[in-house]
>>> print(open('data_20.txt').read())   # compact mmCIF, C-alpha atoms
# COMPACT_ATOMS: atom_id res chain seq x y z
CA MET R 7 51.27 106.74 127.44
CA THR R 8 48.53 108.77 125.74
CA THR R 9 49.44 111.57 123.40
CA SER R 10 47.21 114.49 122.51
CA ALA R 11 48.70 114.87 119.01
CA PRO R 12 46.28 113.62 116.31
CA ARG R 13 47.09 110.11 115.13
CA VAL R 14 45.41 107.15 113.43
CA VAL R 15 44.58 104.33 115.84
CA LEU R 16 43.70 100.72 115.01
CA LEU R 17 40.69 99.53 117.03
CA ARG R 18 39.04 96.10 116.93
CA ASP R 19 35.52 95.51 118.25
CA GLU R 20 33.61 92.25 117.80
CA GLY R 21 35.48 91.34 114.62
CA GLU R 22 35.20 94.83 113.09
CA VAL R 23 38.25 97.03 112.48
CA TYR R 24 38.18 100.80 112.86
CA THR R 25 40.96 103.29 112.14
CA PRO R 26 39.81 106.68 113.44
CA VAL R 27 41.97 109.75 113.80
CA MET R 28 42.16 110.49 117.52
CA ALA R 29 43.56 113.23 119.73
CA GLY R 30 44.10 111.85 123.20
CA ALA R 31 41.14 109.54 123.86
CA ARG R 32 38.76 111.47 121.59
CA VAL R 33 37.83 110.60 117.99
CA LEU R 34 38.09 113.69 115.78
CA GLU R 35 34.97 114.88 113.97
CA LEU R 36 34.87 115.44 110.20
CA ALA R 37 35.16 119.23 110.66
CA GLU R 38 38.33 118.74 112.71
CA LEU R 39 39.75 116.41 110.04
CA ALA R 40 38.90 119.00 107.37
CA ALA R 41 40.82 121.62 109.35
CA LEU R 42 43.84 119.27 109.43
CA ALA R 43 43.44 118.70 105.67
CA ALA R 44 43.63 122.47 105.12
CA ALA R 45 46.53 123.15 107.52
CA PRO R 46 50.08 123.08 106.17
CA GLY R 47 52.21 120.24 107.45
CA ASP R 48 55.47 120.45 109.32
CA ARG R 49 57.68 118.92 106.57
CA PRO R 50 57.22 120.74 103.24
CA ASP R 51 60.88 119.91 102.51
CA VAL R 52 60.04 116.19 102.13
CA ALA R 53 58.09 114.47 99.33
CA ARG R 54 56.40 111.27 100.47
CA TRP R 55 55.66 108.69 97.79
CA PHE R 56 53.78 105.40 97.74
CA CYS R 57 53.21 102.49 95.39
CA CYS R 58 50.09 100.35 95.72
CA VAL R 59 47.98 97.68 94.05
CA LEU R 60 44.63 99.19 93.06
CA LEU R 61 42.86 96.14 91.63
CA ASP R 62 43.44 92.60 90.53
CA GLU R 63 41.28 90.02 88.74
CA MET R 64 39.93 88.27 91.82
CA GLU R 65 36.33 87.10 91.57
CA LEU R 66 34.27 89.28 93.88
CA GLU R 67 30.97 88.89 95.69
CA GLY R 68 28.22 88.29 93.18
CA GLY R 69 30.51 86.28 90.89
CA TRP R 70 31.95 89.17 88.89
CA ARG R 71 35.44 90.58 88.47
CA HIS R 72 36.98 93.75 87.06
CA ASP R 73 38.07 93.84 83.43
CA LEU R 74 41.50 95.45 83.84
CA ALA R 75 42.06 95.54 80.09
CA SER R 76 39.27 98.10 79.84
CA LEU R 77 41.25 100.67 81.82
CA ALA R 78 43.41 101.67 78.88
CA THR R 79 44.90 100.21 75.77
CA SER R 80 48.38 101.33 76.79
CA ARG R 81 50.46 99.70 79.52
CA CYS R 82 50.91 102.90 81.56
CA ARG R 83 48.50 105.75 82.19
CA VAL R 84 49.43 109.10 83.63
CA THR R 85 46.58 110.42 85.70
CA ARG R 86 45.71 112.65 88.63
CA LEU R 87 43.35 110.91 91.03
CA PRO R 88 42.73 112.10 94.57
CA LEU R 89 44.07 109.94 97.38
CA VAL R 90 41.59 110.30 100.26
CA LEU R 91 41.64 109.22 103.88
CA GLY R 92 39.20 106.35 104.37
CA ASP R 93 35.53 107.24 104.15
CA SER R 94 36.15 110.90 105.06
CA GLY R 95 36.59 111.89 101.42
CA LEU R 96 39.33 114.31 102.50
CA ARG R 97 42.25 114.55 100.11
CA ILE R 98 45.66 113.56 101.47
CA GLY R 99 47.53 113.24 98.17
CA ASP R 100 47.33 112.19 94.54
CA VAL R 101 47.74 109.05 92.45
CA GLU R 102 49.89 110.04 89.49
CA THR R 103 50.46 106.91 87.37
CA ILE R 104 48.76 103.55 86.91
CA VAL R 105 50.54 100.59 85.31
CA ARG R 106 48.96 97.27 84.35
CA HIS R 107 51.11 94.27 85.34
CA PRO R 108 50.75 90.73 83.94
CA PRO R 109 49.76 87.74 86.08
CA GLU R 110 52.36 86.69 88.67
CA ALA R 111 54.28 89.99 88.40
CA VAL R 112 53.14 91.11 91.86
CA PRO R 113 52.97 88.54 94.69
CA GLY R 114 49.68 88.23 96.54
CA VAL R 115 47.35 89.28 93.71
CA VAL R 116 45.07 87.26 91.44
CA GLY R 117 45.79 87.48 87.73
CA SER R 118 46.95 90.77 86.30
CA CYS R 119 46.78 93.90 88.42
CA LEU R 120 46.87 97.67 88.34
CA VAL R 121 49.72 99.24 90.32
CA ALA R 122 49.62 102.95 91.09
CA THR R 123 52.28 105.40 92.18
CA GLY R 124 51.43 108.63 93.92
CA ARG R 125 52.44 111.24 96.41
CA PHE R 126 51.12 112.31 99.79
CA GLY R 127 50.25 115.98 100.15
CA THR R 128 51.94 118.43 102.49
CA THR R 129 49.04 118.98 104.91
CA LYS R 130 48.83 117.96 108.57
CA LEU R 131 46.24 115.28 107.71
CA ALA R 132 48.54 113.86 105.00
CA GLU R 133 51.37 113.70 107.55
CA ILE R 134 49.11 111.87 110.02
CA ALA R 135 48.17 109.36 107.31
CA TRP R 136 51.83 108.95 106.29
CA THR R 137 52.76 108.14 109.88
CA ALA R 138 49.96 105.54 110.00
CA VAL R 139 51.25 103.94 106.77
CA GLN R 140 54.73 103.71 108.28
CA ALA R 141 53.26 102.12 111.44
CA GLY R 142 51.39 99.52 109.34
CA ILE R 143 47.95 100.78 110.40
CA LEU R 144 46.88 102.18 107.03
CA ARG R 145 48.01 99.75 104.32
CA GLY R 146 44.74 98.94 102.52
CA VAL R 147 43.53 100.57 99.33
CA CYS R 148 40.04 100.79 97.86
CA ILE R 149 39.11 102.55 94.64
CA GLU R 150 36.00 104.58 94.00
CA LEU R 151 34.87 103.91 90.47
CA ASP R 152 32.03 103.92 88.05
CA ALA R 153 31.81 100.49 86.46
CA GLU R 154 29.51 98.99 83.88
CA GLU R 155 28.88 95.35 83.10
CA THR R 156 30.33 94.55 79.67
CA GLU R 157 29.36 90.88 79.65
CA PRO R 158 28.01 88.54 82.31
CA GLY R 159 30.41 88.45 85.25
CA LEU R 160 32.78 91.10 83.86
CA ARG R 161 32.78 94.80 84.75
CA ALA R 162 34.67 97.40 82.76
CA LEU R 163 36.27 100.30 84.58
CA SER R 164 34.75 103.34 82.96
CA THR R 165 35.88 106.02 85.41
CA LEU R 166 38.26 105.90 88.34
CA ARG R 167 37.21 108.72 90.70
CA ALA R 168 39.43 108.39 93.78
CA VAL R 169 41.62 106.04 95.80
CA ARG R 170 40.82 105.54 99.49
CA LEU R 171 43.55 104.69 101.99
CA GLY R 172 42.41 102.61 104.95
CA ASP R 173 43.18 99.48 106.92
CA LEU R 174 43.83 96.19 105.13
CA GLU R 175 40.32 94.92 105.87
CA SER R 176 38.46 97.95 104.48
CA GLY R 177 38.81 97.23 100.77
CA HIS R 178 36.74 94.93 98.58
CA VAL R 179 39.83 93.51 96.82
CA PRO R 180 42.12 91.72 99.33
CA GLY R 181 45.19 92.19 97.11
CA ALA R 182 44.73 95.99 96.99
CA ARG R 183 47.34 97.34 99.35
CA VAL R 184 50.32 99.64 99.78
CA LEU R 185 53.40 97.87 98.45
CA ALA R 186 56.04 100.46 99.33
CA SER R 187 56.47 104.01 100.62
CA TRP R 188 59.49 106.28 100.63
CA GLU R 189 60.63 109.86 101.21
CA GLU R 190 62.74 112.16 99.05
CA PRO R 191 63.83 115.79 99.36
CA ALA R 192 61.35 118.20 97.78
CA PHE R 193 62.55 121.21 95.82
CA ALA R 194 61.20 124.71 96.46
CA GLU R 195 59.18 124.73 93.23
CA GLY R 196 57.35 121.61 94.37
CA ARG R 197 59.08 119.17 92.05
CA VAL R 198 60.67 116.03 93.38
CA ALA R 199 63.87 114.26 92.42
CA ARG R 200 62.90 110.64 91.72
CA GLY R 201 65.55 108.16 92.76
CA ALA R 202 66.14 104.84 91.05
>>> encode(input="data_20.txt", output="structure tokens")
Amino acid sequence: MTTSAPRVVLLRDEGEVYTPVMAGARVLELAELAALAAAPGDRPDVARWFCCVLLDEMELEGGWRHDLASLATSRCRVTRLPLVLGDSGLRIGDVETIVRHPPEAVPGVVGSCLVATGRFGTTKLAEIAWTAVQAGILRGVCIELDAEETEPGLRALSTLRAVRLGDLESGHVPGARVLASWEEPAFAEGRVARGA
């Protein structure tokens, strides 16, 4: 059964993975995605949260790795980074906190890692992305950053610019992924009650 409602679809072609937003059998253009990013969603009464690994200390192509200690001297950093849908650059939410965890604290990562918590927006595009996270289609995370080499093989994170949500194969750090997602009632003033 084909639906005409916009949705994220997982496509595989000759070993490549694609996750376009489609309506019926048609891939939506960037202008159509931008219209969805500007349109209010259907569930402003619900706050949708996520927790994800942003980076770990895995050695990457070229023999270098990220210096997670350079992010901040404190263990937790409150921030406001845009969460964007894949390569579109269209905002679907915000990353609100980043916490550095020691080695072995999070299964499936190499060394210490940065774990972020954030919230999906209340637009139609954010709702489409949320549905794709729940379906397991969008579970990968990739950060956009400015990095500088501090010593051979080590790159310091100077500026985190955005977090991209995509499929698990789209990121450069295999351990970067959505760990959990949940919904809570949203209050009229836009604040959310955080459960334990």
>>> residues_near_point(input="data_20.txt", point="(38.8, 101.1, 96.2)", cutoff="9 Å", atoms="only C-alpha atoms", output="ChimeraX atom specification")
/R:60-61,146-151,168-171,176-179,182
>>> residues_around(input="data_20.txt", residues="Cys57 in chain R", least_positions_apart="6", cutoff="7 Å", atoms="all atoms listed in the file", output="list in words")
Val121, Ala122, Thr123, Gly124, Val184, Leu185, Ala186 and Ser187 of chain R
>>> closest_residue(input="data_20.txt", among="R:Arg106, R:Phe56, R:Val112, R:Asp93", to="Arg125 in chain R", atoms="all atoms listed in the file")
R:Phe56
>>> atom_distance(input="data_20.txt", atom1="CA of Ala138 in chain R", atom2="CA of Ser118 in chain R")
28.1 Å
>>> residues_near_point(input="data_20.txt", point="(61.8, 114.6, 99.0)", cutoff="7 Å", atoms="all atoms listed in the file", output="PyMOL selection string")
chain R and resi 51-54+189-192+198-199
>>> atom_distance(input="data_20.txt", atom1="CA of Ala44 in chain R", atom2="CA of Val14 in chain R")
17.5 Å
>>> closest_residue(input="data_20.txt", among="R:Leu39, R:Val101, R:Cys58, R:Ala45", to="Pro26 in chain R", atoms="all atoms listed in the file")
R:Leu39
>>> residues_around(input="data_20.txt", residues="Asp48 in chain R", least_positions_apart="3", cutoff="9 Å", atoms="only C-alpha atoms", output="ChimeraX atom specification")
/R:51,128-130,133
>>> atom_distance(input="data_20.txt", atom1="CA of Leu166 in chain R", atom2="CA of Ile104 in chain R")
10.9 Å
>>> closest_residue(input="data_20.txt", among="R:Gly117, R:Gly172, R:Pro50, R:Pro12", to="Glu35 in chain R", atoms="only C-alpha atoms")
R:Pro12
>>> closest_residue(input="data_20.txt", among="R:Gly95, R:Asp62, R:Ala132, R:Val15", to="Glu110 in chain R", atoms="only C-alpha atoms")
R:Asp62
>>> closest_residue(input="data_20.txt", among="R:Leu144, R:Pro113, R:Phe126, R:Val90", to="Trp188 in chain R", atoms="all atoms listed in the file")
R:Phe126
